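S.K.: Below: one structure in structure tokens.
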Amino acid sequence: MRPWGAAERRALRSRLRDTAEPWDLVVVGAGITGAGIARDAAMRGLSVLVLEAADVAFGTSSRSTRLVHGGVRYLEQGELGLVYEALRERARLYQSAPHLVHATRFLFPAYRGDRLGPWKLRLGLTLYDTLNFHRGEPHEYLTPEAARMAEPLLAEAGLRGAVAYEDAVTDDARLTLAVVLDARRHGAEVLTYAPVVAIEATAAPARHRVLLDDGTAVAAHAVVVAAGPWSSATLLGARGNDLLTLSKGTHLVVRARDVPVRQPLVVQVPREKRILFVVPWGSRTYLGTTDAAYEGDPGKSGVTADDEREILELVRPVLPTARLDAAAIVSAWSGVRPLVRAEGARSTAEVSRKHRIVERDDGVLAIVGGKLTTYRQMAEEIVDRVVARVEQAWPAEHARAQPCTTATVPLVVGEPEPSAPDDDQEHATLVSELASRHGPIARAMAAAADAAGRARIIADLPYRWCEVDHAIGFEGAVHAIDVVRRRLPLVLTDAQQGATAIVEIATRLVDAAGGSARDIDDELERWRAEVAIETGRTPTIPR
Ligand SMILES: Cc1cc2nc3c(=O)[nH]c(=O)nc-3n(C[C@H](O)[C@H](O)[C@H](O)COP(=O)(O)OP(=O)(O)OC[C@H]3O[C@@H](n4cnc5c(N)ncnc54)[C@H](O)[C@@H]3O)c2cc1C
């Protein structure tokens with residue numbers, strides 16, 4: 001594994017300050033889109049630098065519903081092309097990152113008065129199966145009795161039937177991280193906490209100069225802005241005006257024992273063309289999402305009491321015996337969808353999820369919209385354009401760029417080794433829990449960990465202390481919040497948002513970077529502030 005800690009970060013910063021040689025490609029933003037572009041371009045042989053204002057997956061890519069899916073909902077909007085593309089990419093992700101993308105049976109019930117009755121659902125899912133000729137189980141129709149056998153929590157009154165169909169669940173932040181790590185493995189460099197403040201046109205040899213907030217200037221033959229909901233006029237000039245419609249989506253986390261669904265459920269929203277999901281997540285269940293127009297900083301969309309009320313009220317009629325009150329909420333998150341603006345849409349839910357590539361007059365490219373699921377396809381399209389212009393800047397003797405190989409080369413190399421015959425139960429559990437987040441390196445991580453490293457960070461959650469050290473040394477975590485929010489989802493799954501562990505995590509991180517006690521206080525304050533903004537719950541700094 002290529003180390004990625006404080007020393008590597010310092011070395012890259014000074015390299016950027018000291019060298020004027022242009023990069024083939026500078027990518028602005030390390031969400032799933034920027035990560036996919038960096039990986040693809042690096043695999044084709046380009047020199048690639050990613051500049052990220054905050055942490056990997058800080059934006060929408062750690063705030064989604066965490067599904068790798070074709071999007072049954074888009075069928076109703078006639079978006080067959082989008083669904084086809086997403087199902088094809090889903091099939092590729094099953095192969096490419098099997099430890100992070102899990103095929104699951106979803107249950108989609110129909111109640112009396114619902115917009116989509118059993119026949120419409122069957123028709124829609126038949127189309128879904130037809131568009132998915134890559135892999136997966138076909139859908140199945142369930143009578144009301146069979147639906148309640150499959151999910152005893154479903155309300156009985158008014159139930160007309162259900163369809164069970166396949167889609168996949170993932171960990172969005174770790175999927176993004178996996179793409180970034182593989183981009184680095186192929187030679188890309190990634191600098192986080194490095195906001196780009198301007199992109200200027202320059203004369204040869206480079207075409208662009210990218211300016212960071214500390215005054216560093218980076219030369220590049222090509223620049224792609226992949227700043228998601230931040231893709232505004234600041235980065236794109238006139239092309240950024242009126243480019244996006246922002247839509248906020250909130251999710252709530254409850255304890256699994258309070259909402260013990262057996263599989264992900266789809267809940268229809270009355271009188272609107274939109275659905276919600278109720279998704280089991282280990283010892284937790286999460287519910288969401290809302291879909292409402294949003295203005296403001298996409299990093300501070302937050303969760304309000306109204307968001308909470310809306311979700312609880314929509315889900316309650318379908319799961320009447322579940323505990324769905326405000327006191328049951330353990331945590332929450334919200335994200336902002338960067339939707340390509342469309343005239344005539346009556347609500348944000350009706351705006352297409354298709355992506356779009358735009359170009360500034362000086363040749364800076366940007367890509368917006370799309371889905372977590374379709375990131376690879378989006379990257380391939382834009383890197384094709386990047387390659388064409390970068391090759392023009394190369395001298396004749398320079399080797400040509402390779403063709404795109406991301407459709408077939410897996411994101412993670414190797415399979416997590418199956419448990420060994422002499423593993424005791426405890427070791428087998430450790431390896432399988434680590435494998436669900438780290439894939440093939442799980443067995444090596446387990447073997448290297450001492451008793452303290454193997455211990456759980458919080459008793460009812462599967463995360464281990466050795467993962468904290470791994471995040472600091474090999475996964476580019478700069479701040480304690482990066483560890484407890486995006487390397488491990490403690491902020492979302494723990495009722496205290498990671499408070500019991502945060503001092504130790506901040507101390508390890510600051511020690512590794514050679515910092516002082518004051519830095520630990522800064523880390524705790526940053527964690528407290530970010531958690532308060534994101535979850536709507538202000539944790540107490542433990543002393
Ligand atoms: C509520 C919700 C639910 C969703 N559910 C799903 C789902 O289940 N499945 C699915 O496939 N898709 C889903 N999506 C869509 C998906 O999450 C997004 O399409 C995707 O994450 C967008 O990724 P991105 O990289 O384009 O943007 P982002 O992830 O927002 O990344 C942009 C990055 O750019 C950085 N940046 C911004 N400005 C600068 C700057 N000046 N300099 C440097 N860096 C900068 C930001 O810090 C950020 O990290 C959902 C979206 C939302 C909001």
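Ligands are numbered from 1 in the order shown, residues from 1 within each chain, and chains are lettered A, B, ... in the order they appear in the structure tokens.
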Could you name the residues that touch stretch 109-111 of chain A at 12 Å or less, counting only C-alpha atoms, but leaving out those on the same chain fewer than 3 positions away, as an MDAnalysis selection string?
M.R.: chainID A and resid 106 114:122 140:148 150:151 153:165 264:270 275:277 317:319
S.K.: Within 7 Å of ligand 1, counting only C-alpha atoms and all ligand atoms, which protein or nucleic acid residues do you find, written as a ChimeraX atom specification?
M.R.: /A:28-34,51-69,194-197,226-231,235,247-250,289,334-338,368-374
S.K.: Interatomic distance between atom CA of A:Ala332 and atom CA of A:Gln77?
M.R.: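 Atom-to-atom, atom CA of A:Ala332 and atom CA of A:Gln77 are spaced 28.9 Å apart.
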S.K.: How would you write, as a list in words, the set of residues in stretch 309-507 of chain A that DSSP gives as strand (DSSP E)?
M.R.: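 Selection result, strand (DSSP E) within stretch 309-507 of chain A: Ile329, Val330, Ser331, Ala332, Trp333, Ser334, Gly335, Val336, Arg337, Pro338, Leu339, Val340, His355, Arg356, Ile357, Val358, Glu359, Leu365, Ala366, Ile367, Val368 and Gly369 of chain A.
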S.K.: Within 8 Å of A:Ala86, counting only C-alpha atoms, which residues show up once you throw out same-chain ones fewer than 2 positions away? Write them as a list in words, please.
M.R.: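 In the requested format, the answer is His69, Gly70, Gly71, Leu82, Val83, Tyr84, Arg88, Glu89, Arg90, Thr373 and Thr374 of chain A.
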S.K.: From the options A:Val218, A:Val26, A:Val210, A:Ala203, which residue's atoms come nearest to A:Ala188, counting only C-alpha atoms?
M.R.: A:Val26
S.K.: Hey, what's within 10 Å of A:Asn241 if we count only C-alpha atoms and toss same-chain stuff fewer than 6 positions away? As number ranges by chain, please?
M.R.: A: 231-234
S.K.: With only C-alpha atoms as the basis for distance, which of A:Val364, A:Ala388, A:Leu177, A:Leu87 is at the shortest distance from A:Ala477?
M.R.: A:Leu177
